[in-house]
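What follows is my_file.csv (CSV, C-alpha atoms).
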```
chain,number,residue,atom,x,y,z
A,48,MET,CA,25.4,28.3,-2.5
A,49,MET,CA,22.8,27.0,0.0
A,50,ASN,CA,24.1,25.0,3.0
A,51,GLU,CA,22.6,22.3,5.3
A,52,GLU,CA,20.8,24.9,7.5
A,53,ASP,CA,19.3,26.7,4.4
A,54,PHE,CA,17.9,23.4,3.1
A,55,MET,CA,16.4,22.5,6.5
A,56,LYS,CA,14.9,26.0,6.7
A,57,LYS,CA,13.0,25.2,3.5
A,58,ALA,CA,11.7,22.0,4.9
A,59,ILE,CA,10.6,23.8,8.1
A,60,GLN,CA,8.9,26.5,6.1
A,61,LEU,CA,6.9,23.8,4.2
A,62,SER,CA,5.9,22.3,7.6
A,63,ILE,CA,4.6,25.6,8.9
A,64,GLU,CA,2.8,26.5,5.7
A,65,ASN,CA,1.1,23.1,5.8
A,66,VAL,CA,-0.4,23.8,9.1
A,67,GLU,CA,-1.5,27.3,8.2
A,68,SER,CA,-3.2,26.1,5.0
A,69,GLY,CA,-5.0,23.3,6.9
A,70,ASN,CA,-3.6,20.8,4.3
A,71,GLY,CA,-2.3,18.3,6.8
A,72,GLY,CA,0.1,17.6,9.7
A,73,PRO,CA,3.1,19.8,10.6
A,74,PHE,CA,5.7,18.1,8.5
A,75,GLY,CA,7.7,19.1,5.4
A,76,ALA,CA,10.7,17.7,3.5
A,77,VAL,CA,13.0,18.5,0.7
A,78,ILE,CA,15.4,16.4,-1.3
A,79,VAL,CA,18.7,17.9,-2.6
A,80,LYS,CA,21.1,16.8,-5.3
A,81,ASP,CA,24.2,18.6,-6.4
A,82,GLY,CA,23.3,21.6,-4.2
A,83,LYS,CA,19.8,22.0,-5.6
A,84,ILE,CA,16.3,21.1,-4.3
A,85,ILE,CA,14.9,18.5,-6.7
A,86,ALA,CA,11.8,17.6,-4.7
A,87,ARG,CA,9.5,18.9,-2.0
A,88,GLY,CA,6.9,17.1,0.2
A,89,VAL,CA,4.3,17.9,2.8
A,90,ASN,CA,2.0,15.7,4.8
A,91,HIS,CA,-1.4,15.4,3.1
A,92,VAL,CA,-2.8,12.3,4.8
A,93,THR,CA,-6.1,13.7,5.7
A,94,SER,CA,-6.7,16.0,2.7
A,95,THR,CA,-6.1,13.2,0.2
A,96,ASN,CA,-7.2,10.2,2.2
A,97,ASP,CA,-3.7,8.6,1.9
A,98,PRO,CA,-2.2,7.4,5.2
A,99,THR,CA,1.1,7.0,3.4
A,100,ALA,CA,1.3,10.6,2.3
A,101,HIS,CA,3.9,11.7,4.8
A,102,ALA,CA,6.2,14.5,3.8
A,103,GLU,CA,9.2,12.2,3.2
A,104,VAL,CA,7.3,9.6,1.2
A,105,VAL,CA,5.8,12.4,-1.0
A,106,ALA,CA,9.2,13.9,-1.5
A,107,ILE,CA,10.9,10.6,-2.3
A,108,ARG,CA,8.2,9.7,-4.9
A,109,GLU,CA,8.6,13.2,-6.5
A,110,ALA,CA,12.4,13.0,-6.5
A,111,CYS,CA,12.4,9.5,-8.2
A,112,LYS,CA,9.9,10.8,-10.8
A,113,THR,CA,12.1,13.8,-11.5
A,114,LEU,CA,15.3,11.7,-11.8
A,115,ASN,CA,13.6,8.8,-13.5
A,116,THR,CA,15.0,6.3,-11.1
A,117,PHE,CA,14.0,4.2,-8.1
A,118,GLN,CA,17.3,5.0,-6.2
A,119,LEU,CA,18.3,8.3,-4.7
A,120,SER,CA,22.1,7.8,-4.5
A,121,GLY,CA,23.9,11.2,-4.5
A,122,CYS,CA,20.9,12.8,-2.8
A,123,GLU,CA,20.3,14.2,0.7
A,124,ILE,CA,16.9,14.3,2.4
A,125,TYR,CA,16.0,17.1,4.8
A,126,THR,CA,12.9,16.6,6.9
A,127,SER,CA,11.4,18.9,9.5
A,128,CYS,CA,10.8,15.9,11.9
A,129,GLU,CA,12.6,12.6,12.6
A,130,PRO,CA,11.1,10.1,10.1
A,131,CYS,CA,8.5,7.6,11.5
A,132,PRO,CA,9.3,3.9,10.8
A,133,MET,CA,7.3,4.0,7.5
A,134,CYS,CA,9.3,7.0,6.2
A,135,LEU,CA,12.6,5.7,7.6
A,136,GLY,CA,11.9,2.4,5.8
A,137,ALA,CA,11.1,4.3,2.6
A,138,ILE,CA,14.4,6.2,3.0
A,139,TYR,CA,16.4,3.0,3.4
A,140,TRP,CA,14.7,1.6,0.2
A,141,ALA,CA,15.4,4.8,-1.7
A,142,ARG,CA,19.0,4.9,-0.5
A,143,PRO,CA,19.9,8.6,-0.4
A,144,ASP,CA,23.4,9.4,0.9
A,145,LYS,CA,22.4,11.5,4.0
A,146,LEU,CA,19.4,12.2,6.2
A,147,PHE,CA,18.9,15.5,8.2
A,148,TYR,CA,16.0,16.0,10.6
A,149,ALA,CA,14.9,18.8,13.0
A,150,ASN,CA,12.1,17.8,15.5
A,151,SER,CA,12.6,14.4,17.2
A,152,LYS,CA,10.2,11.5,17.4
A,153,GLU,CA,9.7,12.5,21.1
A,154,ASP,CA,8.7,16.0,20.0
A,155,ALA,CA,6.1,14.3,17.7
A,156,ALA,CA,4.8,12.1,20.5
A,157,ALA,CA,4.3,15.2,22.6
A,158,ILE,CA,1.8,16.5,20.1
A,159,GLN,CA,0.0,13.2,19.9
A,160,PHE,CA,1.5,11.6,16.8
A,161,ASP,CA,2.1,7.8,16.8
A,162,ASP,CA,5.7,7.7,15.7
A,163,GLN,CA,7.1,6.7,19.0
A,164,PHE,CA,4.3,4.1,19.5
A,165,ILE,CA,5.0,2.5,16.1
A,166,TYR,CA,8.8,2.4,16.8
A,167,GLU,CA,8.0,0.5,20.0
A,168,GLU,CA,5.6,-1.9,18.3
A,169,ILE,CA,8.0,-2.7,15.4
A,170,ALA,CA,10.7,-3.6,17.9
A,171,LYS,CA,8.5,-6.2,19.6
A,172,PRO,CA,8.2,-9.8,18.6
A,173,ILE,CA,5.1,-10.3,16.5
A,174,SER,CA,3.2,-12.1,19.2
A,175,GLU,CA,3.6,-9.2,21.6
A,176,ARG,CA,2.3,-6.4,19.3
A,177,LYS,CA,-1.0,-4.7,19.7
A,178,LEU,CA,-1.8,-5.4,16.0
A,179,PHE,CA,-3.4,-8.9,15.5
A,180,THR,CA,-0.9,-10.7,13.2
A,181,LYS,CA,-1.0,-14.3,11.9
A,182,GLN,CA,1.1,-16.3,9.5
A,183,LEU,CA,-0.7,-18.5,6.9
A,184,LEU,CA,0.4,-20.6,3.9
A,185,ARG,CA,4.1,-19.9,4.0
A,186,THR,CA,4.9,-22.9,1.8
A,187,GLU,CA,2.4,-21.9,-0.9
A,188,ALA,CA,3.8,-18.3,-0.9
A,189,ASN,CA,7.4,-19.5,-1.3
A,190,VAL,CA,6.6,-20.5,-4.9
A,191,ALA,CA,6.8,-16.8,-5.8
A,192,PHE,CA,10.2,-16.5,-4.2
A,193,LYS,CA,11.5,-19.5,-6.1
A,194,LYS,CA,10.2,-18.1,-9.3
A,195,TRP,CA,11.9,-14.8,-8.6
A,196,GLN,CA,15.2,-16.5,-8.0
A,197,GLU,CA,14.9,-18.4,-11.3
A,198,SER,CA,13.7,-15.5,-13.3
A,199,GLU,CA,16.1,-14.2,-15.9
A,200,HIS,CA,14.2,-10.9,-16.7
A,201,LYS,CA,14.0,-9.5,-13.2
A,202,THR,CA,15.2,-6.0,-12.1
A,203,GLU,CA,16.8,-6.3,-8.6
A,204,TYR,CA,16.7,-3.5,-6.1
B,111,MET,CA,-18.0,-17.2,1.7
B,112,MET,CA,-14.2,-16.9,1.4
B,113,ASN,CA,-12.1,-17.7,4.4
B,114,GLU,CA,-8.6,-16.5,5.6
B,115,GLU,CA,-6.8,-19.0,3.5
B,116,ASP,CA,-8.8,-18.1,0.4
B,117,PHE,CA,-7.8,-14.5,0.8
B,118,MET,CA,-4.2,-15.3,1.3
B,119,LYS,CA,-4.2,-17.5,-1.8
B,120,LYS,CA,-5.3,-14.4,-3.8
B,121,ALA,CA,-2.4,-12.4,-2.4
B,122,ILE,CA,0.0,-15.3,-3.3
B,123,GLN,CA,-1.5,-15.5,-6.8
B,124,LEU,CA,-0.8,-11.8,-7.3
B,125,SER,CA,2.8,-12.3,-6.1
B,126,ILE,CA,3.4,-15.1,-8.5
B,127,GLU,CA,1.8,-13.3,-11.5
B,128,ASN,CA,4.0,-10.2,-10.7
B,129,VAL,CA,7.2,-12.2,-11.2
B,130,GLU,CA,5.9,-13.9,-14.3
B,131,SER,CA,4.9,-10.6,-15.9
B,132,GLY,CA,8.3,-9.0,-15.0
B,133,ASN,CA,6.4,-6.1,-13.3
B,134,GLY,CA,8.3,-6.2,-10.0
B,135,GLY,CA,9.3,-8.1,-6.9
B,136,PRO,CA,7.5,-11.3,-5.7
B,137,PHE,CA,5.0,-9.6,-3.5
B,138,GLY,CA,1.2,-9.3,-3.5
B,139,ALA,CA,-1.5,-8.1,-1.0
B,140,VAL,CA,-5.2,-7.8,-0.8
B,141,ILE,CA,-7.4,-5.9,1.7
B,142,VAL,CA,-10.7,-7.3,2.8
B,143,LYS,CA,-13.7,-5.7,4.4
B,144,ASP,CA,-17.0,-7.4,5.3
B,145,GLY,CA,-15.8,-10.6,3.6
B,146,LYS,CA,-15.0,-8.9,0.3
B,147,ILE,CA,-11.7,-7.9,-1.4
B,148,ILE,CA,-11.8,-4.1,-1.7
B,149,ALA,CA,-8.2,-3.5,-2.9
B,150,ARG,CA,-5.2,-5.3,-4.4
B,151,GLY,CA,-1.6,-4.4,-4.6
B,152,VAL,CA,1.6,-5.7,-6.2
B,153,ASN,CA,5.1,-4.5,-6.0
B,154,HIS,CA,6.0,-2.1,-8.8
B,155,VAL,CA,9.1,-0.4,-7.5
B,156,THR,CA,11.2,-0.9,-10.6
B,157,SER,CA,8.6,-0.6,-13.3
B,158,THR,CA,7.2,2.7,-12.0
B,159,ASN,CA,10.4,4.2,-10.4
B,160,ASP,CA,8.7,4.4,-7.0
B,161,PRO,CA,10.7,2.8,-4.1
B,162,THR,CA,7.5,3.1,-1.9
B,163,ALA,CA,5.4,1.0,-4.3
B,164,HIS,CA,5.4,-2.2,-2.2
B,165,ALA,CA,2.3,-4.4,-2.5
B,166,GLU,CA,1.0,-3.4,1.0
B,167,VAL,CA,1.4,0.4,0.4
B,168,VAL,CA,-0.2,0.1,-3.0
B,169,ALA,CA,-3.1,-1.9,-1.6
B,170,ILE,CA,-3.6,0.5,1.4
B,171,ARG,CA,-3.7,3.6,-1.0
B,172,GLU,CA,-6.2,1.8,-3.2
B,173,ALA,CA,-8.4,0.7,-0.2
B,174,CYS,CA,-8.4,4.2,1.2
B,175,LYS,CA,-9.3,5.7,-2.2
B,176,THR,CA,-12.2,3.2,-2.5
B,177,LEU,CA,-13.5,3.8,1.0
B,178,ASN,CA,-12.9,7.5,0.8
B,179,THR,CA,-11.1,7.5,4.2
B,180,PHE,CA,-7.6,7.6,5.6
B,181,GLN,CA,-8.3,4.8,8.2
B,182,LEU,CA,-8.9,1.1,7.5
B,183,SER,CA,-10.8,0.2,10.6
B,184,GLY,CA,-12.9,-3.0,10.0
B,185,CYS,CA,-10.4,-4.2,7.4
B,186,GLU,CA,-8.0,-7.1,7.2
B,187,ILE,CA,-4.8,-7.0,5.2
B,188,TYR,CA,-3.4,-10.2,3.6
B,189,THR,CA,0.2,-10.0,2.3
B,190,SER,CA,2.2,-12.7,0.7
B,191,CYS,CA,5.3,-11.7,2.8
B,192,GLU,CA,5.8,-10.3,6.2
B,193,PRO,CA,5.7,-6.5,5.8
B,194,CYS,CA,9.0,-4.6,5.7
B,195,PRO,CA,9.3,-1.7,8.3
B,196,MET,CA,8.0,0.8,5.7
B,197,CYS,CA,4.9,-1.3,5.0
B,198,LEU,CA,4.4,-2.2,8.7
B,199,GLY,CA,4.6,1.5,9.5
B,200,ALA,CA,2.0,2.2,6.8
B,201,ILE,CA,-0.2,-0.5,8.2
B,202,TYR,CA,0.0,1.0,11.7
B,203,TRP,CA,-0.9,4.4,10.3
B,204,ALA,CA,-3.9,2.9,8.3
B,205,ARG,CA,-5.1,1.0,11.4
B,206,PRO,CA,-6.7,-2.2,9.9
B,207,ASP,CA,-8.0,-4.7,12.4
B,208,LYS,CA,-5.9,-7.7,11.4
B,209,LEU,CA,-2.7,-8.5,9.5
B,210,PHE,CA,-2.0,-11.9,7.8
B,211,TYR,CA,1.3,-12.8,6.1
B,212,ALA,CA,2.8,-15.8,4.4
B,213,ASN,CA,6.6,-15.7,3.7
B,214,SER,CA,8.7,-14.3,6.6
B,215,LYS,CA,11.2,-11.5,6.6
B,216,GLU,CA,13.9,-14.2,6.9
B,217,ASP,CA,12.5,-15.8,3.7
B,218,ALA,CA,12.8,-12.4,2.0
B,219,ALA,CA,16.4,-11.9,3.2
B,220,ALA,CA,17.3,-15.4,1.8
B,221,ILE,CA,16.4,-14.0,-1.7
B,222,GLN,CA,18.4,-10.8,-1.2
B,223,PHE,CA,15.7,-8.3,-0.1
B,224,ASP,CA,16.7,-5.7,2.5
B,225,ASP,CA,13.8,-6.2,4.9
B,226,GLN,CA,15.8,-7.9,7.7
B,227,PHE,CA,18.6,-5.3,7.3
B,228,ILE,CA,16.2,-2.4,7.6
B,229,TYR,CA,14.6,-4.0,10.7
B,230,GLU,CA,18.0,-4.2,12.3
B,231,GLU,CA,18.9,-0.6,11.3
B,232,ILE,CA,15.7,0.9,12.7
B,233,ALA,CA,16.2,-0.8,16.0
B,234,LYS,CA,19.6,0.8,16.4
B,235,PRO,CA,20.3,4.2,18.0
B,236,ILE,CA,20.7,6.8,15.3
B,237,SER,CA,24.4,7.2,15.9
B,238,GLU,CA,25.0,3.5,15.1
B,239,ARG,CA,23.1,3.3,11.9
B,240,LYS,CA,24.8,2.9,8.5
B,241,LEU,CA,22.7,5.8,7.2
B,242,PHE,CA,24.4,9.2,7.8
B,243,THR,CA,21.9,11.1,10.0
B,244,LYS,CA,22.2,14.5,11.6
B,245,GLN,CA,19.8,16.7,13.6
B,246,LEU,CA,19.6,20.4,12.8
B,247,LEU,CA,17.5,23.4,13.8
B,248,ARG,CA,15.1,21.6,16.2
B,249,THR,CA,14.1,24.9,17.9
B,250,GLU,CA,13.1,26.5,14.5
B,251,ALA,CA,11.2,23.3,13.5
B,252,ASN,CA,9.2,23.3,16.7
B,253,VAL,CA,7.3,26.4,15.6
B,254,ALA,CA,5.3,24.2,13.3
B,255,PHE,CA,4.4,21.8,16.1
B,256,LYS,CA,3.2,24.7,18.3
B,257,LYS,CA,1.1,26.1,15.4
B,258,TRP,CA,-0.4,22.6,15.0
B,259,GLN,CA,-1.3,22.4,18.7
B,260,GLU,CA,-3.0,25.9,18.5
B,261,SER,CA,-4.7,25.3,15.2
B,262,GLU,CA,-8.5,25.1,15.4
B,263,HIS,CA,-9.1,23.7,11.9
B,264,LYS,CA,-6.8,20.7,12.0
B,265,THR,CA,-7.9,17.1,11.2
B,266,GLU,CA,-6.1,14.8,13.7
B,267,TYR,CA,-5.1,11.2,12.7
```

Can I see the file as structure tokens?
Amino acid sequence: MMNEEDFMKKAIQLSIENVESGNGGPFGAVIVKDGKIIARGVNHVTSTNDPTAHAEVVAIREACKTLNTFQLSGCEIYTSCEPCPMCLGAIYWARPDKLFYANSKEDAAAIQFDDQFIYEEIAKPISERKLFTKQLLRTEANVAFKKWQESEHKTEY
Amino acid sequence: MMNEEDFMKKAIQLSIENVESGNGGPFGAVIVKDGKIIARGVNHVTSTNDPTAHAEVVAIREACKTLNTFQLSGCEIYTSCEPCPMCLGAIYWARPDKLFYANSKEDAAAIQFDDQFIYEEIAKPISERKLFTKQLLRTEANVAFKKWQESEHKTEY
């Protein structure tokens, strides 16, 4: 029976192999259900031109495909580095039971990844962020929300 | 020539159509470069079993595919609702020039979407979050980061 450290070692192994192969950043993740690895992910942002292809997002998409669901209840995610806000958001939406990480976001910042910067930006009020952001046509957009509330054939999540 | 409001109207139209078709949540996005829409996205989390398939993430993936790049410099993103942390993170990684949104995250919370909850969780120290989170094997994982720093064939992003 594999334990927490064994699963994390698999995620770390993926992260190391991903650097050695030149496929992408030094990040790997595995998702576990009932003591078995059901999905793996590595960072392939640059090799596939997909800025969302972080290890955790790739593993979550794979696990959901395998389980034929959009929710990962009963699952654990092991990632070789503390998730960036994009990946942490994806984890909250996927709703696994537990998250394990190895490197910290400060470790990632030390090798020039933006994780820490993005955490700081997201915590700021919109007007203070470096990203130019402007609200437009809120009233018009609210029509979709009203339709959603009234819809009888929606799948909530 | 289309202006900011015209582009937002397109994003809103996508969000309304997405509810009417039963495809997914009430969210749409478009990405614009040089005054033209180069990518569209709608939420299809439940219809494709992909918790990461929010309108912005879908549009970013599409735009990067179209432009054959992992960076959206020179682009603007128009989304019918303020991005959740996952999507805002994806936007920071993709690095468009400007972000426009219509509905706010409070509007999304009012129709029972978790955006506001996830913002609050991400802002908390790890030990105070509702998601069980544990650090393991940091020293072992750091090997991948050292290999990344030493690698001569890496593509930084």

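Fitted onto chain B by least squares over the complete set of C-alpha atoms, chain A shows an RMSD of 0.1 Å.
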
Give me, as a PyMOL selection string, all polymer residues having an atom no more than 7 Å from Ala204 of chain B, counting all atoms listed in the file and skipping those fewer than 5 positions away in the same chain.
(chain A and resi 98) or (chain B and resi 180-182)

So how many Å separate atom CA of Gly69 of chain A and atom CA of Leu135 of chain A, to one decimal?
24.9 Å

I'd like a table as a tab-separated table: residues in segment 136-182 of chain B with an atom no more than 10 Å from segment 207-230 of chain B, each row giving the shortest atom pair and its distance in Å to one decimal, all atoms listed in the file counted, sorted by chain and rising residue number.
```
residue	atom	partner	partner_atom	distance
B:Pro136	CA	B:Ala218	CA	9.4
B:Phe137	CA	B:Asn213	CA	9.6
B:Ala139	CA	B:Tyr211	CA	9.0
B:Ile141	CA	B:Leu209	CA	9.5
B:Val142	CA	B:Lys208	CA	9.9
B:Lys143	CA	B:Asp207	CA	9.9
B:Leu182	CA	B:Asp207	CA	7.6
```

How many Å separate atom CA of Val253 of chain B from atom CA of Ser127 of chain A?
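About the pair atom CA of Val253 of chain B and atom CA of Ser127 of chain A: they are 10.5 Å apart.
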
Would you mind listing what lies within 7 Å of segment 55-67 of chain A as a PDB file with C-alpha atoms, in the coordinates of the input, with only C-alpha atoms counted and same-chain residues fewer than 3 positions away left out?
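Output file result.pdb follows:
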```
ATOM      1  CA  GLU A  51      22.600  22.300   5.300  1.00  0.00           C
ATOM      2  CA  GLU A  52      20.800  24.900   7.500  1.00  0.00           C
ATOM      3  CA  ASN A  70      -3.600  20.800   4.300  1.00  0.00           C
ATOM      4  CA  GLY A  71      -2.300  18.300   6.800  1.00  0.00           C
ATOM      5  CA  GLY A  72       0.100  17.600   9.700  1.00  0.00           C
ATOM      6  CA  PRO A  73       3.100  19.800  10.600  1.00  0.00           C
ATOM      7  CA  PHE A  74       5.700  18.100   8.500  1.00  0.00           C
ATOM      8  CA  GLY A  75       7.700  19.100   5.400  1.00  0.00           C
ATOM      9  CA  ALA A  76      10.700  17.700   3.500  1.00  0.00           C
ATOM     10  CA  VAL A  77      13.000  18.500   0.700  1.00  0.00           C
ATOM     11  CA  VAL A  89       4.300  17.900   2.800  1.00  0.00           C
ATOM     12  CA  TYR A 125      16.000  17.100   4.800  1.00  0.00           C
ATOM     13  CA  THR A 126      12.900  16.600   6.900  1.00  0.00           C
ATOM     14  CA  SER A 127      11.400  18.900   9.500  1.00  0.00           C
TER      15      SER A 127
ATOM     16  CA  ALA B 251      11.200  23.300  13.500  1.00  0.00           C
ATOM     17  CA  ALA B 254       5.300  24.200  13.300  1.00  0.00           C
ATOM     18  CA  LYS B 257       1.100  26.100  15.400  1.00  0.00           C
ATOM     19  CA  TRP B 258      -0.400  22.600  15.000  1.00  0.00           C
TER      20      TRP B 258
END
```

Where atoms are lacking, segment 206-230 of chain B completed to N, CA and C atoms, as a PDB file, keeping the file's coordinate frame:
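part11.pdb written:
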```pdb
ATOM      1  N   PRO B 206      -5.743  -1.046  10.146  1.00  0.00           N
ATOM      2  CA  PRO B 206      -6.700  -2.200   9.900  1.00  0.00           C
ATOM      3  C   PRO B 206      -6.819  -2.987  11.172  1.00  0.00           C
ATOM      4  N   ASP B 207      -7.828  -3.876  11.208  1.00  0.00           N
ATOM      5  CA  ASP B 207      -8.000  -4.700  12.400  1.00  0.00           C
ATOM      6  C   ASP B 207      -7.045  -5.860  12.502  1.00  0.00           C
ATOM      7  N   LYS B 208      -6.717  -6.448  11.359  1.00  0.00           N
ATOM      8  CA  LYS B 208      -5.900  -7.700  11.400  1.00  0.00           C
ATOM      9  C   LYS B 208      -4.895  -7.696  10.220  1.00  0.00           C
ATOM     10  N   LEU B 209      -3.761  -8.337  10.479  1.00  0.00           N
ATOM     11  CA  LEU B 209      -2.700  -8.500   9.500  1.00  0.00           C
ATOM     12  C   LEU B 209      -2.420 -10.024   9.329  1.00  0.00           C
ATOM     13  N   PHE B 210      -2.433 -10.522   8.111  1.00  0.00           N
ATOM     14  CA  PHE B 210      -2.000 -11.900   7.800  1.00  0.00           C
ATOM     15  C   PHE B 210      -0.873 -11.867   6.838  1.00  0.00           C
ATOM     16  N   TYR B 211       0.133 -12.707   7.069  1.00  0.00           N
ATOM     17  CA  TYR B 211       1.300 -12.800   6.100  1.00  0.00           C
ATOM     18  C   TYR B 211       1.650 -14.208   5.879  1.00  0.00           C
ATOM     19  N   ALA B 212       2.403 -14.452   4.804  1.00  0.00           N
ATOM     20  CA  ALA B 212       2.800 -15.800   4.400  1.00  0.00           C
ATOM     21  C   ALA B 212       4.311 -16.006   4.570  1.00  0.00           C
ATOM     22  N   ASN B 213       5.103 -15.597   3.576  1.00  0.00           N
ATOM     23  CA  ASN B 213       6.600 -15.700   3.700  1.00  0.00           C
ATOM     24  C   ASN B 213       7.018 -14.779   4.881  1.00  0.00           C
ATOM     25  N   SER B 214       8.127 -15.150   5.507  1.00  0.00           N
ATOM     26  CA  SER B 214       8.700 -14.300   6.600  1.00  0.00           C
ATOM     27  C   SER B 214       9.754 -13.401   6.108  1.00  0.00           C
ATOM     28  N   LYS B 215      10.165 -12.462   6.966  1.00  0.00           N
ATOM     29  CA  LYS B 215      11.200 -11.500   6.600  1.00  0.00           C
ATOM     30  C   LYS B 215      12.564 -12.267   6.367  1.00  0.00           C
ATOM     31  N   GLU B 216      12.726 -13.395   7.070  1.00  0.00           N
ATOM     32  CA  GLU B 216      13.900 -14.200   6.900  1.00  0.00           C
ATOM     33  C   GLU B 216      13.888 -14.848   5.462  1.00  0.00           C
ATOM     34  N   ASP B 217      12.691 -15.276   5.030  1.00  0.00           N
ATOM     35  CA  ASP B 217      12.500 -15.800   3.700  1.00  0.00           C
ATOM     36  C   ASP B 217      12.930 -14.728   2.646  1.00  0.00           C
ATOM     37  N   ALA B 218      12.506 -13.480   2.904  1.00  0.00           N
ATOM     38  CA  ALA B 218      12.800 -12.400   2.000  1.00  0.00           C
ATOM     39  C   ALA B 218      14.319 -12.098   1.970  1.00  0.00           C
ATOM     40  N   ALA B 219      14.940 -12.159   3.146  1.00  0.00           N
ATOM     41  CA  ALA B 219      16.400 -11.900   3.200  1.00  0.00           C
ATOM     42  C   ALA B 219      17.136 -13.016   2.427  1.00  0.00           C
ATOM     43  N   ALA B 220      16.598 -14.235   2.453  1.00  0.00           N
ATOM     44  CA  ALA B 220      17.300 -15.400   1.800  1.00  0.00           C
ATOM     45  C   ALA B 220      17.267 -15.165   0.237  1.00  0.00           C
ATOM     46  N   ILE B 221      16.365 -14.317  -0.284  1.00  0.00           N
ATOM     47  CA  ILE B 221      16.400 -14.000  -1.700  1.00  0.00           C
ATOM     48  C   ILE B 221      16.904 -12.585  -1.964  1.00  0.00           C
ATOM     49  N   GLN B 222      17.702 -12.086  -1.002  1.00  0.00           N
ATOM     50  CA  GLN B 222      18.400 -10.800  -1.200  1.00  0.00           C
ATOM     51  C   GLN B 222      17.576  -9.541  -1.091  1.00  0.00           C
ATOM     52  N   PHE B 223      16.456  -9.582  -0.370  1.00  0.00           N
ATOM     53  CA  PHE B 223      15.700  -8.300  -0.100  1.00  0.00           C
ATOM     54  C   PHE B 223      16.184  -7.775   1.230  1.00  0.00           C
ATOM     55  N   ASP B 224      16.139  -6.429   1.368  1.00  0.00           N
ATOM     56  CA  ASP B 224      16.700  -5.700   2.500  1.00  0.00           C
ATOM     57  C   ASP B 224      15.869  -5.698   3.771  1.00  0.00           C
ATOM     58  N   ASP B 225      14.716  -6.333   3.777  1.00  0.00           N
ATOM     59  CA  ASP B 225      13.800  -6.200   4.900  1.00  0.00           C
ATOM     60  C   ASP B 225      14.447  -6.409   6.264  1.00  0.00           C
ATOM     61  N   GLN B 226      15.182  -7.514   6.380  1.00  0.00           N
ATOM     62  CA  GLN B 226      15.800  -7.900   7.700  1.00  0.00           C
ATOM     63  C   GLN B 226      16.854  -6.805   8.039  1.00  0.00           C
ATOM     64  N   PHE B 227      17.636  -6.366   7.063  1.00  0.00           N
ATOM     65  CA  PHE B 227      18.600  -5.300   7.300  1.00  0.00           C
ATOM     66  C   PHE B 227      17.985  -4.032   7.798  1.00  0.00           C
ATOM     67  N   ILE B 228      16.858  -3.647   7.175  1.00  0.00           N
ATOM     68  CA  ILE B 228      16.200  -2.400   7.600  1.00  0.00           C
ATOM     69  C   ILE B 228      15.598  -2.541   8.994  1.00  0.00           C
ATOM     70  N   TYR B 229      15.050  -3.714   9.316  1.00  0.00           N
ATOM     71  CA  TYR B 229      14.600  -4.000  10.700  1.00  0.00           C
ATOM     72  C   TYR B 229      15.724  -3.746  11.698  1.00  0.00           C
ATOM     73  N   GLU B 230      16.890  -4.277  11.365  1.00  0.00           N
ATOM     74  CA  GLU B 230      18.000  -4.200  12.300  1.00  0.00           C
ATOM     75  C   GLU B 230      18.481  -2.705  12.410  1.00  0.00           C
TER      76      GLU B 230
END
```
